[in-house]
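Asks: Take this structure, written in structure tokens, and hold onto it; I'll ask about it next.
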Amino acid sequence: MVAVVVEHLSSVDDVAGSAWDGVADPRELFQSRAWLRALERSGDAPVTYLIARQRGDPRILAALPLHEVPPSRGDYLYWPELHFQDLLSHSRGGRLGLLAGSCAGFGARLILDRGLPAPVRTAVLRALRQAADAVAAERGLPYTCFLFLGPSAWRDLAPVTGAGDAVRLAGVALTELELPGKDFDDYLAALPRNTRTSVRRESAAFARECESLTVPLSEALATVAPMIVNVRAKHGMAYGEATVRRRLAAYAAALGDESATALLCRVRGRTVGAAVLCRWHDRLHVTDFGRLDDQAPDPFVYFNAVIYEPVRHAYAAGLSSVVTGAGAELGKARRGAAIHPLLHLAWTADADRPIDTAPADQRAHHWRTLRGAHPGYFHPAWDELL
């Protein structure tokens, strides 16, 4: 068996670029050095990188960022206490633990050498788990929490997940739209006839009343951040504007003005909505949506800002898909996106911690009901979870 050693580093800059690029998935924005470096510099959350190597070999086998996110400063969705409220009785001072892996972007995957044989992959992840447990215990935190894991990451972690750990289906799912053909007409042609008619009507209404303008995100932070806060507040998410601006500034710093943009939707010269578009390799990520207020005119601004206009941008840039994010899953699926499952996982740092006895997860019932009514929208990965 491979002898695995785990290093603790405080910055992604402490890892040689070629070594990091050799293990990170090049299609994953949130595994890139550019994103992690920008997140570090934003001061959003202190981070420790666990780097797994074979003894005597400089090549990286896997990496695991660990973020210590205080509730008062962190991104609300990436706050473990929100997703594991039943575990708070085991915590000290109302804190559950470290946030492992991604702390932005839905559908997180592991930073792991995909060429490793399964037994070696499991040994590497077990070593990372032991190291994460030690860090959590040292800081007086009972769990290491992964949020919004994609199915492939869950399958990788399952062999090193124990009976005292907690697993939850997320209340939101990832949606991604693979682009058929070469232009927007090909996208329309791939939709069912009734949906195609609706998309044309919604696009036409938007074109009559709105103008859309794409600008560098770095130039639009003051405009976009309050609108994002407004939308999330309406869904019960208590974001501060400073938190949103830090995250948007990290996107801008990581990607630059050509790849991190804001799509502004204006009615009679007034900006009423905006989407944040992040281009990374062959995918376009729609990471955020904001609106001005409920009194602003709404000629289908949401679906134009998060689907139709990004689809046009992606075709023009020769990209393969638009990651339309989480939330409003059925609306996005009706317009061509596939719904992918997401899971939350909490590793206990104490082997003697009681086995989780939480009641049956109501979110599983929610997703079973939706999939039963709309089976064609759901990715086959749901089969193993429901």
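All residue names refer to the structure tokens as shown: chains lettered A, B, ... in order, residues numbered from 1 in each chain, ligands numbered from 1 in order.
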Using DSSP on the backbone coordinates, identify the residues of range 58-173 of chain A assigned to helix (DSSP H, G or I); present them as an MDAnalysis selection string.

Replies: chainID A and resid 76:78 80:83 85:90 118:138 151:160

Asks: Write out, as CSV, each residue of range 292-344 of chain A that has an atom at most 12 Å from range 263-272 of chain A, together with the closest pair of atoms and their distance in Å to one decimal, counting only C-alpha atoms, rows going by chain and rising number.

Replies:
residue,atom,partner,partner_atom,distance
A:Leu292,CA,A:Val272,CA,4.9
A:Asp293,CA,A:Val272,CA,7.5
A:Asp294,CA,A:Val272,CA,9.5
A:Gln295,CA,A:Val272,CA,9.6
A:Ala296,CA,A:Val272,CA,6.2
A:Pro297,CA,A:Val267,CA,7.3
A:Asp298,CA,A:Val272,CA,8.1
A:Pro299,CA,A:Val267,CA,9.3
A:Phe300,CA,A:Cys265,CA,10.6
A:Val301,CA,A:Cys265,CA,7.2
A:Tyr302,CA,A:Cys265,CA,9.6
A:Phe303,CA,A:Cys265,CA,11.5
A:Asn304,CA,A:Cys265,CA,9.0
A:Ala305,CA,A:Leu263,CA,7.0
A:Val306,CA,A:Leu263,CA,9.2
A:Ile307,CA,A:Leu263,CA,11.4
A:Tyr308,CA,A:Leu263,CA,11.5
A:Glu309,CA,A:Leu263,CA,8.3
A:Pro310,CA,A:Leu263,CA,8.6
A:Arg312,CA,A:Leu263,CA,12.0
A:His313,CA,A:Leu263,CA,10.2

Asks: Just checking: using only C-alpha atoms, which residue out of A:Gly181, A:Pro26, A:Pro375, A:Pro65 ends up closest to Glu40 in chain A?

Replies: A:Pro65

Asks: Please identify all polymer residues within 9 Å of Ala314 in chain A, counting only C-alpha atoms, omitting same-chain residues fewer than 4 positions from it, and present them as a PyMOL selection string.

Replies: chain A and resi 179+279+282-284+309-310+318-322

Asks: Hey, which of A:Ala136, A:Leu29, A:Ala381, A:Leu345 ends up closest to Arg168 in chain A? Count only C-alpha atoms.

Replies: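 Using only C-alpha atoms, Arg168 in chain A sits closest to A:Leu345.
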
Asks: Range 173-262 of chain A near range 148-153 of chain A within 12 Å: what's each residue's closest atom pair and its distance in Å to one decimal, counting only C-alpha atoms, ordered by chain then ascending residue number, as a Markdown table?

Replies:
| residue | atom | partner | partner_atom | distance |
| --- | --- | --- | --- | --- |
| A:Ala173 | CA | A:Phe148 | CA | 8.4 |
| A:Leu174 | CA | A:Gly150 | CA | 8.4 |
| A:Thr175 | CA | A:Gly150 | CA | 11.4 |

Asks: So that I can see what lies close to Leu77 in chain A, please list as an MDAnalysis selection string the residues with an atom at most 9 Å from it, counting only C-alpha atoms and leaving out residues fewer than 3 positions away in the same chain.

Replies: chainID A and resid 74 80 82:83 103:104 147 237

Asks: Grab the residues selected above and save them as an mmCIF file, in the first residue's frame with N, CA, C and O atoms.

Replies:
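The file below, selection.cif, is the result:
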data_model
loop_
_atom_site.group_PDB
_atom_site.id
_atom_site.type_symbol
_atom_site.label_atom_id
_atom_site.label_comp_id
_atom_site.auth_asym_id
_atom_site.auth_seq_id
_atom_site.Cartn_x
_atom_site.Cartn_y
_atom_site.Cartn_z
ATOM 1 N N GLY A 74 -18.878 34.572 7.048
ATOM 2 C CA GLY A 74 -18.884 33.669 5.914
ATOM 3 C C GLY A 74 -20.086 33.834 5.005
ATOM 4 O O GLY A 74 -21.062 34.497 5.324
ATOM 5 N N PRO A 80 -21.796 25.716 7.796
ATOM 6 C CA PRO A 80 -22.217 24.345 8.145
ATOM 7 C C PRO A 80 -23.406 24.292 9.087
ATOM 8 O O PRO A 80 -24.247 23.394 8.985
ATOM 9 N N LEU A 82 -26.024 25.924 9.163
ATOM 10 C CA LEU A 82 -27.298 26.034 8.446
ATOM 11 C C LEU A 82 -27.786 24.665 7.978
ATOM 12 O O LEU A 82 -28.980 24.372 8.018
ATOM 13 N N HIS A 83 -26.871 23.819 7.544
ATOM 14 C CA HIS A 83 -27.237 22.558 6.908
ATOM 15 C C HIS A 83 -27.245 21.363 7.872
ATOM 16 O O HIS A 83 -27.779 20.310 7.533
ATOM 17 N N CYS A 103 -15.675 26.413 -0.969
ATOM 18 C CA CYS A 103 -16.615 27.242 -0.205
ATOM 19 C C CYS A 103 -17.248 28.256 -1.142
ATOM 20 O O CYS A 103 -17.577 29.365 -0.762
ATOM 21 N N ALA A 104 -17.415 27.842 -2.396
ATOM 22 C CA ALA A 104 -18.163 28.615 -3.393
ATOM 23 C C ALA A 104 -18.416 27.691 -4.570
ATOM 24 O O ALA A 104 -17.681 26.729 -4.780
ATOM 25 N N LEU A 147 -19.836 20.744 1.864
ATOM 26 C CA LEU A 147 -21.147 21.222 1.436
ATOM 27 C C LEU A 147 -21.257 21.193 -0.082
ATOM 28 O O LEU A 147 -20.293 21.490 -0.786
ATOM 29 N N MET A 237 -32.152 34.587 3.226
ATOM 30 C CA MET A 237 -30.709 34.471 3.378
ATOM 31 C C MET A 237 -30.134 35.813 3.798
ATOM 32 O O MET A 237 -30.199 36.786 3.049
#

Asks: Can you work out which one of A:Ala373, A:Ala346, A:Ala337, A:Ala316 has the shortest atom-to-atom distance to Leu169 in chain A, counting only C-alpha atoms?

Replies: A:Ala346

Asks: DSSP says strand (DSSP E) for which residues of range 184-375 of chain A? Put them as a PyMOL selection string?

Replies: chain A and resi 211-216+260-267+270-280+283-291+321-326+338-340+343-348

Asks: Tell me, in Å to one decimal, how far CA of His374 in chain A is from CA of Gly273 in chain A.

Replies: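 Separating CA of His374 in chain A from CA of Gly273 in chain A is a distance of 29.4 Å.
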
Asks: I'd like the contact shell of range 12-16 of chain A - 7 Å cut-off, only C-alpha atoms, skipping same-chain residues fewer than 3 positions apart - returned as a VMD selection string.

Replies: chain A and resid 9 19 to 20 33 36 to 37

Asks: Show which residues sit within 12 Å of Arg246 in chain A, as a PyMOL selection string. Count only C-alpha atoms, and ignore same-chain residues fewer than 2 positions away.

Replies: chain A and resi 38-45+73-75+218+221-222+225+239-244+248-253

Asks: If we count only C-alpha atoms and set the cut-off at 10 Å, which residues sit around range 123-134 of chain A, ignoring sequence neighbours fewer than 6 positions away in its own chain? Please answer as a ChimeraX atom specification.

Replies: /A:1-8,48-54,61-66,97-98,100,110,112-113,116,140-144,156-157,159-161,347-351

Asks: Which value, in Å to one decimal, gives the distance between CA of Arg291 in chain A and CA of Ala220 in chain A?

Replies: 13.8 Å

Asks: Measure the distance from CA of His365 in chain A to CA of Gly107 in chain A in Å and round it to one decimal.

Replies: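 If I compute the distance from CA of His365 in chain A to CA of Gly107 in chain A, I get 20.5 Å.
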